[in-house]
Each structure stands twice: as C-alpha cells, then as structure tokens.
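*Asks:* Input structure: start_38.tsv, which contains TSV, C-alpha atoms.
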```tsv
chain	number	residue	atom	x	y	z
H	739	MET	CA	-51.17	-17.26	-9.56
H	740	THR	CA	-53.82	-17.47	-6.86
H	741	TRP	CA	-51.55	-19.55	-4.63
H	742	LEU	CA	-48.64	-17.16	-5.19
H	743	ALA	CA	-50.83	-14.15	-4.34
H	744	TRP	CA	-52.00	-15.86	-1.17
H	745	ARG	CA	-48.45	-16.73	-0.09
H	746	GLN	CA	-47.42	-13.10	-0.52
H	747	PHE	CA	-50.42	-11.86	1.43
H	748	ARG	CA	-50.90	-14.47	4.16
H	749	THR	CA	-48.81	-12.62	6.79
H	750	GLN	CA	-50.93	-9.47	6.43
H	751	ALA	CA	-54.09	-11.58	6.52
H	752	ALA	CA	-52.98	-13.28	9.73
H	753	VAL	CA	-52.20	-9.94	11.39
H	754	ALA	CA	-55.61	-8.59	10.36
H	755	LEU	CA	-57.36	-11.70	11.72
H	756	ILE	CA	-55.57	-11.43	15.06
H	757	ALA	CA	-56.42	-7.72	15.30
H	758	VAL	CA	-60.11	-8.36	14.59
H	759	VAL	CA	-60.25	-11.15	17.18
H	760	VAL	CA	-58.59	-8.96	19.84
H	761	VAL	CA	-60.98	-6.08	19.12
H	762	ALA	CA	-63.97	-8.43	19.11
H	763	ILE	CA	-63.03	-9.85	22.52
H	764	GLY	CA	-62.36	-6.45	24.09
H	765	TYR	CA	-65.44	-4.74	22.70
H	766	GLY	CA	-67.55	-7.86	23.19
H	767	ILE	CA	-66.87	-8.10	26.93
H	768	THR	CA	-67.29	-4.39	27.60
H	769	GLY	CA	-70.18	-4.13	25.15
H	770	ILE	CA	-72.25	-6.66	27.06
H	771	ALA	CA	-71.76	-4.59	30.22
H	772	LEU	CA	-72.57	-1.37	28.35
H	773	HIS	CA	-75.79	-2.77	26.86
H	774	HIS	CA	-76.78	-4.12	30.29
H	775	LEU	CA	-76.20	-0.67	31.78
H	776	ALA	CA	-78.35	0.87	29.06
H	777	ARG	CA	-81.23	-1.56	29.70
H	778	ALA	CA	-80.97	-0.96	33.45
H	779	SER	CA	-81.37	2.77	32.73
H	780	GLY	CA	-84.58	2.17	30.79
H	781	TYR	CA	-83.17	1.87	27.26
H	782	PRO	CA	-84.72	1.96	24.69
H	783	THR	CA	-87.91	3.34	26.27
H	784	CYS	CA	-85.99	6.26	27.76
H	785	VAL	CA	-85.10	7.53	24.27
H	786	THR	CA	-88.56	9.09	23.99
H	787	ALA	CA	-89.31	9.45	27.71
H	788	ASN	CA	-86.50	11.34	29.45
H	789	GLY	CA	-83.56	11.33	27.09
H	790	CYS	CA	-81.79	8.50	28.93
H	791	ARG	CA	-80.05	11.02	31.18
H	792	ASN	CA	-79.05	8.35	33.72
H	793	PHE	CA	-77.38	6.25	31.05
H	794	ILE	CA	-75.51	9.16	29.47
H	795	SER	CA	-74.35	10.31	32.91
H	796	ALA	CA	-73.03	6.83	33.67
H	797	VAL	CA	-71.16	6.66	30.35
H	798	ARG	CA	-69.63	10.10	30.88
H	799	ALA	CA	-68.54	9.08	34.36
H	800	SER	CA	-66.65	6.06	32.99
H	801	SER	CA	-63.26	6.80	31.47
H	802	LEU	CA	-63.23	3.28	29.99
H	803	TYR	CA	-66.48	3.75	28.08
H	804	GLN	CA	-65.40	7.18	26.85
H	805	PHE	CA	-62.06	5.78	25.70
H	806	LEU	CA	-63.67	2.85	23.87
H	807	ASN	CA	-66.27	5.10	22.27
H	808	SER	CA	-63.63	7.48	20.93
H	809	GLY	CA	-61.16	4.68	20.23
H	810	GLY	CA	-63.72	2.81	18.15
H	811	MET	CA	-64.20	5.80	15.88
H	812	VAL	CA	-60.44	6.25	15.47
H	813	LEU	CA	-59.96	2.53	14.81
H	814	VAL	CA	-62.57	2.29	12.06
H	815	TYR	CA	-61.38	5.52	10.45
H	816	LEU	CA	-57.71	4.49	10.52
H	817	THR	CA	-58.22	0.94	9.26
H	818	PRO	CA	-58.99	1.81	5.60
H	819	ALA	CA	-56.15	4.35	5.58
H	820	LEU	CA	-53.63	1.83	6.98
H	821	ILE	CA	-54.90	-0.83	4.58
H	822	GLY	CA	-54.39	1.51	1.66
H	823	ILE	CA	-50.88	2.38	2.81
H	824	PHE	CA	-49.59	-1.08	3.76
H	825	TRP	CA	-51.70	-3.37	1.54
H	826	GLY	CA	-52.71	-1.33	-1.49
H	827	ALA	CA	-49.65	0.83	-2.09
H	828	PRO	CA	-47.03	-2.00	-2.13
H	829	LEU	CA	-49.26	-4.43	-4.06
H	830	ALA	CA	-47.96	-3.34	-7.48
H	831	ALA	CA	-45.26	-0.84	-6.51
H	832	ARG	CA	-43.18	-3.45	-4.66
H	833	ASP	CA	-42.68	-5.67	-7.73
H	834	LEU	CA	-42.16	-2.65	-9.98
H	835	ASP	CA	-39.67	-1.14	-7.54
H	836	SER	CA	-37.63	-4.33	-7.18
H	837	GLY	CA	-37.83	-5.26	-10.85
H	838	SER	CA	-39.28	-8.71	-10.13
H	839	TYR	CA	-42.19	-7.95	-12.47
H	840	ARG	CA	-39.90	-8.65	-15.44
H	841	MET	CA	-39.53	-12.28	-14.38
H	842	LEU	CA	-43.21	-12.67	-13.48
H	843	TRP	CA	-44.45	-11.34	-16.79
H	844	THR	CA	-42.18	-13.64	-18.83
H	845	GLN	CA	-43.98	-16.64	-17.36
H	846	SER	CA	-47.39	-17.93	-18.40
H	847	ILE	CA	-49.10	-15.33	-16.21
H	848	SER	CA	-50.38	-12.28	-18.08
H	849	ARG	CA	-50.00	-8.79	-16.67
H	850	THR	CA	-53.71	-8.30	-16.18
H	851	ARG	CA	-54.12	-11.65	-14.44
H	852	TRP	CA	-51.16	-10.88	-12.18
H	853	LEU	CA	-52.80	-7.61	-11.20
H	854	ASN	CA	-56.43	-8.67	-10.97
H	855	VAL	CA	-55.85	-11.81	-8.88
H	856	LYS	CA	-53.78	-9.91	-6.33
H	857	LEU	CA	-56.19	-6.98	-6.35
H	858	LEU	CA	-59.26	-9.17	-5.88
H	859	LEU	CA	-57.69	-11.00	-2.94
H	860	VAL	CA	-56.54	-7.85	-1.14
H	861	VAL	CA	-59.74	-5.87	-1.77
H	862	ALA	CA	-61.86	-8.75	-0.46
H	863	ALA	CA	-59.70	-9.07	2.65
H	864	ALA	CA	-59.77	-5.29	3.20
H	865	MET	CA	-63.56	-5.10	2.92
H	866	ILE	CA	-64.07	-8.08	5.23
H	867	THR	CA	-61.63	-6.78	7.85
H	868	THR	CA	-63.06	-3.27	7.86
H	869	GLY	CA	-66.62	-4.56	7.74
H	870	LEU	CA	-66.09	-6.71	10.82
H	871	LEU	CA	-64.49	-3.86	12.76
H	872	SER	CA	-67.30	-1.51	11.74
H	873	LEU	CA	-69.90	-4.09	12.78
H	874	ILE	CA	-68.26	-4.52	16.20
H	875	VAL	CA	-67.96	-0.78	16.87
H	876	THR	CA	-71.45	-0.02	15.51
H	877	TRP	CA	-72.98	-2.67	17.80
H	878	TRP	CA	-70.97	-1.50	20.83
H	879	CYS	CA	-71.86	2.17	20.33
H	880	ALA	CA	-75.52	1.59	19.41
H	881	PRO	CA	-77.04	2.61	22.78
H	882	ILE	CA	-74.81	5.70	23.01
H	883	ASP	CA	-75.56	6.73	19.42
H	884	THR	CA	-79.30	6.18	19.82
H	885	VAL	CA	-79.61	8.42	22.87
H	886	GLY	CA	-77.65	11.27	21.30
H	887	GLY	CA	-73.98	10.36	21.62
H	888	ILE	CA	-71.28	12.10	23.60
H	889	GLY	CA	-68.47	14.48	22.79
H	890	MET	CA	-67.80	15.70	19.26
H	891	ALA	CA	-69.74	12.81	17.71
H	892	ALA	CA	-73.01	13.69	19.40
H	893	TYR	CA	-75.19	13.11	16.33
H	894	ARG	CA	-75.26	10.42	13.65
H	895	PHE	CA	-74.33	12.74	10.77
H	896	SER	CA	-71.27	14.17	12.49
H	897	PRO	CA	-68.14	13.58	10.38
H	898	LEU	CA	-66.50	11.63	13.20
H	899	GLN	CA	-69.43	9.28	13.66
H	900	PHE	CA	-70.80	8.89	10.12
H	901	GLY	CA	-67.59	7.54	8.62
H	902	SER	CA	-66.99	5.04	11.43
H	903	ARG	CA	-70.38	3.32	11.43
H	904	GLY	CA	-72.49	1.20	9.12
H	905	ILE	CA	-71.41	0.22	5.60
H	906	VAL	CA	-69.43	3.30	4.55
H	907	PRO	CA	-66.09	2.10	6.03
H	908	ILE	CA	-66.28	-1.01	3.84
H	909	ALA	CA	-66.38	1.15	0.72
H	910	TYR	CA	-63.56	3.29	2.11
H	911	ALA	CA	-61.41	0.15	2.38
H	912	ALA	CA	-62.02	-0.88	-1.24
H	913	PHE	CA	-61.22	2.65	-2.38
H	914	ALA	CA	-58.02	2.81	-0.30
H	915	VAL	CA	-56.65	-0.42	-1.80
H	916	THR	CA	-57.43	0.46	-5.41
H	917	LEU	CA	-56.09	3.97	-4.87
H	918	GLY	CA	-52.80	2.60	-3.59
H	919	VAL	CA	-52.51	0.21	-6.53
H	920	ALA	CA	-53.25	2.90	-9.11
H	921	ILE	CA	-50.71	5.30	-7.58
H	922	GLY	CA	-48.15	2.50	-7.37
H	923	LEU	CA	-48.50	1.78	-11.08
H	924	LEU	CA	-47.83	5.45	-11.79
H	925	VAL	CA	-45.03	6.14	-9.29
H	926	ARG	CA	-43.40	2.65	-9.38
H	927	ARG	CA	-41.62	3.27	-6.05
H	928	THR	CA	-42.92	1.77	-2.82
H	929	LEU	CA	-42.24	4.44	-0.20
H	930	PRO	CA	-43.37	7.43	-2.32
H	931	THR	CA	-46.49	5.47	-3.25
H	932	MET	CA	-47.32	4.88	0.42
H	933	ALA	CA	-46.90	8.58	1.23
H	934	ILE	CA	-48.97	9.77	-1.73
H	935	THR	CA	-51.71	7.22	-1.01
H	936	PHE	CA	-52.05	8.47	2.55
H	937	ALA	CA	-52.12	12.13	1.44
H	938	VAL	CA	-54.75	11.56	-1.25
H	939	PHE	CA	-56.92	9.36	0.99
H	940	LEU	CA	-56.77	11.96	3.77
H	941	ALA	CA	-57.70	14.74	1.33
H	942	VAL	CA	-60.71	12.76	0.11
H	943	GLN	CA	-61.83	12.14	3.70
H	944	ILE	CA	-61.77	15.90	4.30
H	945	ILE	CA	-63.44	16.86	1.01
H	946	MET	CA	-66.32	14.37	1.28
H	947	PRO	CA	-67.99	15.55	4.53
H	948	ILE	CA	-67.41	19.25	3.84
H	949	TRP	CA	-68.32	19.70	0.18
H	950	ILE	CA	-70.00	16.53	-1.12
H	951	ARG	CA	-71.94	14.74	1.63
H	952	PRO	CA	-74.19	17.72	2.51
H	953	HIS	CA	-75.50	17.70	-1.07
H	954	LEU	CA	-76.10	14.00	-1.66
H	955	GLN	CA	-79.76	14.99	-1.37
H	956	PRO	CA	-81.19	18.51	-1.51
H	957	PRO	CA	-81.37	19.72	2.11
H	958	VAL	CA	-84.56	20.90	3.79
H	959	THR	CA	-84.78	24.67	4.31
H	960	THR	CA	-87.06	26.31	6.88
H	961	THR	CA	-87.48	30.05	7.42
H	962	LYS	CA	-89.06	32.04	10.21
H	963	ALA	CA	-89.41	35.79	10.62
H	964	ILE	CA	-88.25	36.97	14.04
H	965	THR	CA	-91.14	39.27	14.87
H	966	SER	CA	-91.85	38.36	18.48
H	967	PRO	CA	-89.73	38.39	21.65
H	968	ARG	CA	-89.65	34.58	21.63
H	969	PHE	CA	-86.14	34.07	20.32
H	970	ASN	CA	-82.66	33.30	21.64
H	971	ILE	CA	-79.35	34.98	21.06
H	972	GLU	CA	-75.87	33.54	20.82
H	973	VAL	CA	-72.73	35.63	20.98
H	974	THR	CA	-70.40	34.31	18.28
H	975	GLY	CA	-67.47	36.64	18.87
H	976	SER	CA	-66.33	39.55	20.96
H	977	ASP	CA	-68.83	41.87	19.26
H	978	ARG	CA	-70.97	39.58	17.06
H	979	MET	CA	-74.21	37.78	17.79
H	980	LYS	CA	-76.83	35.56	16.21
H	981	ALA	CA	-80.56	35.48	16.90
H	982	TRP	CA	-82.43	32.20	16.46
H	983	ALA	CA	-85.95	30.96	16.95
H	984	LEU	CA	-85.86	27.68	15.00
H	985	ASN	CA	-84.56	24.32	16.21
H	986	ALA	CA	-83.57	21.57	13.81
H	987	PRO	CA	-85.33	18.23	14.46
H	988	VAL	CA	-83.53	15.95	16.92
H	989	GLY	CA	-80.79	13.94	15.23
H	990	SER	CA	-80.78	16.01	12.04
H	991	TRP	CA	-77.69	17.52	10.45
H	992	THR	CA	-77.68	21.31	10.45
H	993	ILE	CA	-76.00	22.56	7.28
H	994	SER	CA	-76.45	26.27	7.94
H	995	ASP	CA	-78.40	28.57	10.25
H	996	GLU	CA	-78.27	32.21	9.18
H	997	ASP	CA	-79.94	35.51	9.95
H	998	LEU	CA	-81.20	37.31	6.85
H	999	GLY	CA	-81.96	40.99	6.56
H	1000	PRO	CA	-85.09	42.59	5.03
H	1001	THR	CA	-83.69	42.23	1.50
H	1002	GLY	CA	-82.56	38.63	1.99
H	1003	GLN	CA	-78.88	39.36	2.59
H	1004	VAL	CA	-76.98	37.42	5.24
H	1005	LEU	CA	-76.37	39.57	8.32
H	1006	ASN	CA	-73.51	39.32	10.76
H	1007	LEU	CA	-75.05	41.26	13.60
H	1008	ARG	CA	-72.99	43.38	15.93
H	1009	ALA	CA	-73.76	42.61	19.56
H	1010	PRO	CA	-74.56	45.83	21.45
H	1011	ASP	CA	-73.94	46.13	25.17
H	1012	ALA	CA	-77.65	45.54	25.73
H	1013	CYS	CA	-77.31	41.99	24.41
H	1014	LEU	CA	-74.22	41.26	26.47
H	1015	GLN	CA	-75.72	42.24	29.83
H	1016	ALA	CA	-78.48	40.19	31.44
H	1017	SER	CA	-79.94	43.30	33.12
H	1018	THR	CA	-80.94	44.88	29.79
H	1019	ASP	CA	-82.92	42.10	28.10
H	1020	ASP	CA	-85.69	44.45	26.96
H	1021	ALA	CA	-83.24	46.70	25.17
H	1022	CYS	CA	-81.65	43.70	23.47
H	1023	THR	CA	-85.06	42.41	22.34
H	1024	ALA	CA	-85.94	45.81	20.91
H	1025	TYR	CA	-82.61	45.95	19.06
H	1026	VAL	CA	-83.09	42.50	17.46
H	1027	LEU	CA	-86.72	43.16	16.47
H	1028	ALA	CA	-85.71	46.45	14.87
H	1029	GLN	CA	-83.45	44.54	12.44
H	1030	HIS	CA	-86.50	42.75	10.86
H	1031	LEU	CA	-84.63	39.46	10.72
H	1032	THR	CA	-85.62	36.20	9.07
H	1033	GLU	CA	-83.89	33.04	10.24
H	1034	GLU	CA	-83.05	30.50	7.53
H	1035	LEU	CA	-82.30	26.98	8.78
H	1036	THR	CA	-80.98	24.37	6.36
H	1037	TYR	CA	-80.60	20.75	7.47
H	1038	GLN	CA	-80.62	17.08	6.47
H	1039	PRO	CA	-83.30	15.08	8.34
H	1040	GLU	CA	-82.26	12.13	10.49
H	1041	ASP	CA	-84.25	9.65	8.36
H	1042	ARG	CA	-81.77	10.20	5.51
H	1043	TYR	CA	-78.95	8.60	7.48
H	1044	TRP	CA	-79.07	5.17	5.82
H	1045	PRO	CA	-79.77	6.54	2.31
H	1046	PHE	CA	-76.70	8.75	2.78
H	1047	GLN	CA	-74.70	5.70	3.88
H	1048	ALA	CA	-75.80	3.93	0.69
H	1049	TYR	CA	-75.09	6.92	-1.56
H	1050	GLU	CA	-71.62	7.50	-0.15
H	1051	SER	CA	-70.78	3.79	-0.29
H	1052	GLY	CA	-71.88	3.73	-3.92
H	1053	ILE	CA	-69.64	6.70	-4.73
H	1054	PHE	CA	-66.55	5.08	-3.23
H	1055	LEU	CA	-67.29	1.70	-4.80
H	1056	ALA	CA	-67.71	3.41	-8.18
H	1057	LEU	CA	-64.37	5.17	-7.64
H	1058	SER	CA	-62.83	1.79	-6.76
H	1059	LEU	CA	-64.10	0.27	-10.01
H	1060	ALA	CA	-62.79	3.27	-11.96
H	1061	LEU	CA	-59.37	2.96	-10.32
H	1062	THR	CA	-59.34	-0.77	-11.06
H	1063	GLY	CA	-60.08	-0.05	-14.72
H	1064	PHE	CA	-57.32	2.55	-14.80
H	1065	SER	CA	-54.86	0.11	-13.19
H	1066	THR	CA	-55.73	-2.59	-15.74
H	1067	TRP	CA	-55.14	-0.11	-18.54
H	1068	ARG	CA	-51.93	1.19	-16.99
H	1069	VAL	CA	-50.32	-2.19	-16.34
H	1070	LYS	CA	-50.51	-3.05	-20.05
H	1071	ARG	CA	-48.40	0.01	-20.89
H	1072	ILE	CA	-45.51	-0.53	-18.50
H	1073	ALA	CA	-42.31	-1.22	-20.37
```
What would you get if you wrote out this structure as structure tokens?
*Replies:*
Amino acid sequence: MTWLAWRQFRTQAAVALIAVVVVAIGYGITGIALHHLARASGYPTCVTANGCRNFISAVRASSLYQFLNSGGMVLVYLTPALIGIFWGAPLAARDLDSGSYRMLWTQSISRTRWLNVKLLLVVAAAMITTGLLSLIVTWWCAPIDTVGGIGMAAYRFSPLQFGSRGIVPIAYAAFAVTLGVAIGLLVRRTLPTMAITFAVFLAVQIIMPIWIRPHLQPPVTTTKAITSPRFNIEVTGSDRMKAWALNAPVGSWTISDEDLGPTGQVLNLRAPDACLQASTDDACTAYVLAQHLTEELTYQPEDRYWPFQAYESGIFLALSLALTGFSTWRVKRIA
C-alpha cells in the first residue's frame, strides 16, 4: 500500500520539490544582497539607535524587494490552501468518485489502512513543503520584519505577516489536507470537494485573526484620563474624531483604542470646526477636555508573538487530528 500511495503521489511531490528549489534559489540570491544591505545600514544596531531609516528607505526604493516581500507572504499563505485543494481534496474523493475504491477494498488492504497510509504520506509532504517555504521567506524577510516592516504588514502580529512566518503555516498545511480528505469522504465528488475545501479553509483563515487570535491570551488594557492638553486628535470621518494620549509599545498588536465618557460608555465624538482648523487649536483643546474622556487601550505585547505562534499551531494540529479521526470513522461506513 505504501508503494501504491507513493506512485499516486510522486508527480505532486516532484512538482513541490521543483517549486521549493526555485523559490530557494530566487530568495537565496536576493536574500544575501538584502541582508548585506541591512548590515551596511547598521543592522541590527540601528534597530534601537535610529530605526534603520536608511535600510527601510532603500527597501522602499526597490521594486524588486517590495515585490519579493509581498510575494513571499502571498506564497506562504496560498501554499496550504493549494495543497488542501489539489492534494487533500482528491485524496479520497477521487477514488470514491471513480468507483475504484470498490476494487481496492476487496483486496487485502483494509479501508483504514488505505486511508491512513495515503493521509500520512500527503500530510508529511505538505508540512515539509510549507515548512521549507516558510523558513525561506521568514529568513529573507527577517531584517525588514525586525525594523518594523513595510506596507500593510508593518508589524509582526498583522494578519498578513503572522500567518506567513514561523511555524503556523506548517499547521495550516496539515489542517488543509485533513480538511480536504474529510470533506471528500462526505461529498464523494472531486470537483465539489475541491470547491468546498477552499471555501471552508478561506473562512477559517478569516475567522482566526478576527475573532480567535486576539483572545489566545487575555490582552493588556491600559487607561489614561485625558485631563491635560497633551493629547492628539485623529479625524475618523467627515464629522467624527478620536482623542488619544496613549501609545501601544513598539511591535505590539493594538486590539482596540477607545474614548470612554465619564460613565464608562464608549464615545464617538463629533468633530467641531475648532478641531478641523489648525488656527483654533485652543478651542479644540477646550472642547476635548470638557468631555472628561478616558482613553482605554487594549493590546497584545510583542513578546507574546512566539507563544501565539505555538498556540495557533496547536489549535490547527488538534483540528487536523480531529479531522483524521472523523475520516477514519467515516471511511468505515461507506457502502
């Protein structure tokens, strides 16, 4: 059975190997130049000295570096999804769709062995492939990430960056494969299984950073009464504004930053003309102070980055084990 599973999977494995080699060569050559540029700009000393402004300016001036930085995130995010669609979804659904499972299961191979051998091979290949791509991109982007990042992924906890670095993508890959297999055993048609696998995986990738990841550990909450003129304002709409005096620590993940009224209710302040015109700062200050505001800042500290990577990886690996158990149970009940 192991040899049969390998023969069915060897083309996909060869394509994955070629892709990893091509990415490794491209990111390896440019990565050496990028790391040299960072060291020439004073990295890593500049992280605490001047913010590595010269290095960031050089990266922003290079369309190649910006493309590879963004492309690396897209690549690592897409890899588990594509693996789930093209490796996981057809793994069981293809034989069920074609009817070849009837011949396979009349041989000496049991249903559970047929499933588990194929699943183990594909999951291992998926985790290795994604892990190598994540390692390459994480190494390449390390200087950029350390000095604050660029674009929409300008901090380590940003959804775009968090899921494309470290060990989390490896767990995503295992989950994508087992998800595709479980759906295939339910749907028993290859193309619908591929479509449903993609939709469910995408939904999970949206749900996790919005509703689950912020609460993997209780966030830190800091409050400060705005009672002195030392505050800033930000216009959030045509007639709305926010006053703030607190700054989250560098690299932390801001969950919420709200203005509270005297009774603790969240206020959505209207921005008077005084706060929209630079010539009337005193009037704006008087208006804000008259509201008796308290700013409430909630954030996840930067030092929780790797614990969060471990927690999220554990969640997806646990889901993978649960889906594997479901698939083993399900395959025994197929007529």
*Asks:* Can you work out which one of H:Ala981, H:Leu820, H:Ala831, H:Ala771 has the shortest atom-to-atom distance to Leu802 of chain H, counting all atoms listed in the file?
*Replies:*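 So, comparing all the options, the nearest one is H:Ala771.
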*Asks:* Please provide the set of residues having any atom within 8 Å of Thr965 of chain H, restricted to all atoms listed in the file, with same-chain residues fewer than 4 positions apart removed, written as a list in words.
*Replies:*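 The residues that qualify are Leu1027, His1030 and Leu1031 of chain H.
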*Asks:* Compile a residue-level contact table for segment 926-988 of chain H against segment 1021-1025 of chain H at a cut-off of 10 Å, reporting for every qualifying residue the shortest atom pair and its distance in Å to one decimal, with all atoms listed in the file counted, rows ordered by chain and ascending number, as a tab-separated table.
*Replies:*
```
residue	atom	partner	partner_atom	distance
H:Ser966	CA	H:Thr1023	CA	8.8
H:Pro967	CA	H:Thr1023	CA	6.2
H:Arg968	CA	H:Thr1023	CA	9.1
H:Phe969	CA	H:Thr1023	CA	8.6
H:Asn970	CA	H:Thr1023	CA	9.4
H:Ile971	CA	H:Cys1022	CA	9.3
H:Ala981	CA	H:Thr1023	CA	9.9
```
*Asks:* Next, write the just-selected residues to a file, as a PDB file, keeping the file's coordinate frame, keeping C-alpha atoms as the atom set.
*Replies:*
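Okay, this is what ended up in again_28.pdb:
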```pdb
ATOM      1  CA  SER H 966     -91.850  38.360  18.480  1.00  0.00           C
ATOM      2  CA  PRO H 967     -89.730  38.390  21.650  1.00  0.00           C
ATOM      3  CA  ARG H 968     -89.650  34.580  21.630  1.00  0.00           C
ATOM      4  CA  PHE H 969     -86.140  34.070  20.320  1.00  0.00           C
ATOM      5  CA  ASN H 970     -82.660  33.300  21.640  1.00  0.00           C
ATOM      6  CA  ILE H 971     -79.350  34.980  21.060  1.00  0.00           C
ATOM      7  CA  ALA H 981     -80.560  35.480  16.900  1.00  0.00           C
TER       8      ALA H 981
END
```
*Asks:* I'd like the neighbourhood of Ser779 of chain H as a list of chain:residue names, where a residue qualifies if any of its atoms comes within 8 Å (using only C-alpha atoms), though same-chain residues fewer than 4 positions away should be ignored.
*Replies:*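 Everything that qualifies: H:Leu775, H:Cys784, H:Cys790, H:Asn792, H:Phe793.
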*Asks:* Neighbours of Gln1047 of chain H within 12 Å (only C-alpha atoms; same-chain residues fewer than 2 positions away dropped), as an MDAnalysis selection string?
*Replies:* chainID H and resid 894:895 899:910 947 951 954:955 1040:1045 1049:1054
*Asks:* Need to verify the contact set: segment 745-752 of chain H, 9 Å, all atoms listed in the file, exclusion of same-chain residues closer than 3 positions in sequence. Can you return it as a list in words?
*Replies:*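 That gives Thr740, Trp741, Leu742, Leu755, Ile756, Ala757, Phe824, Trp825, Lys856, Leu859, Val860 and Ala863 of chain H.
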*Asks:* Would you work out the distance separating atom CA of Thr786 of chain H from atom CA of Ala880 of chain H, expressed in Å to one decimal?
*Replies:*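 About the pair atom CA of Thr786 of chain H and atom CA of Ala880 of chain H: they are 15.7 Å apart.
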*Asks:* Compare H:Ser994, H:Thr1036, H:Ile1072, H:Lys980 by their minimum atom-to-atom distance to Gly837 of chain H, counting all atoms listed in the file, and give me the closest one.
*Replies:*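 With all atoms listed in the file as the atom set, the closest residue is H:Ile1072.
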*Asks:* Between H:Leu834, H:Ile823, H:Val753, H:Val785, which is the closest to Ala937 of chain H once you count all atoms listed in the file?
*Replies:* H:Ile823
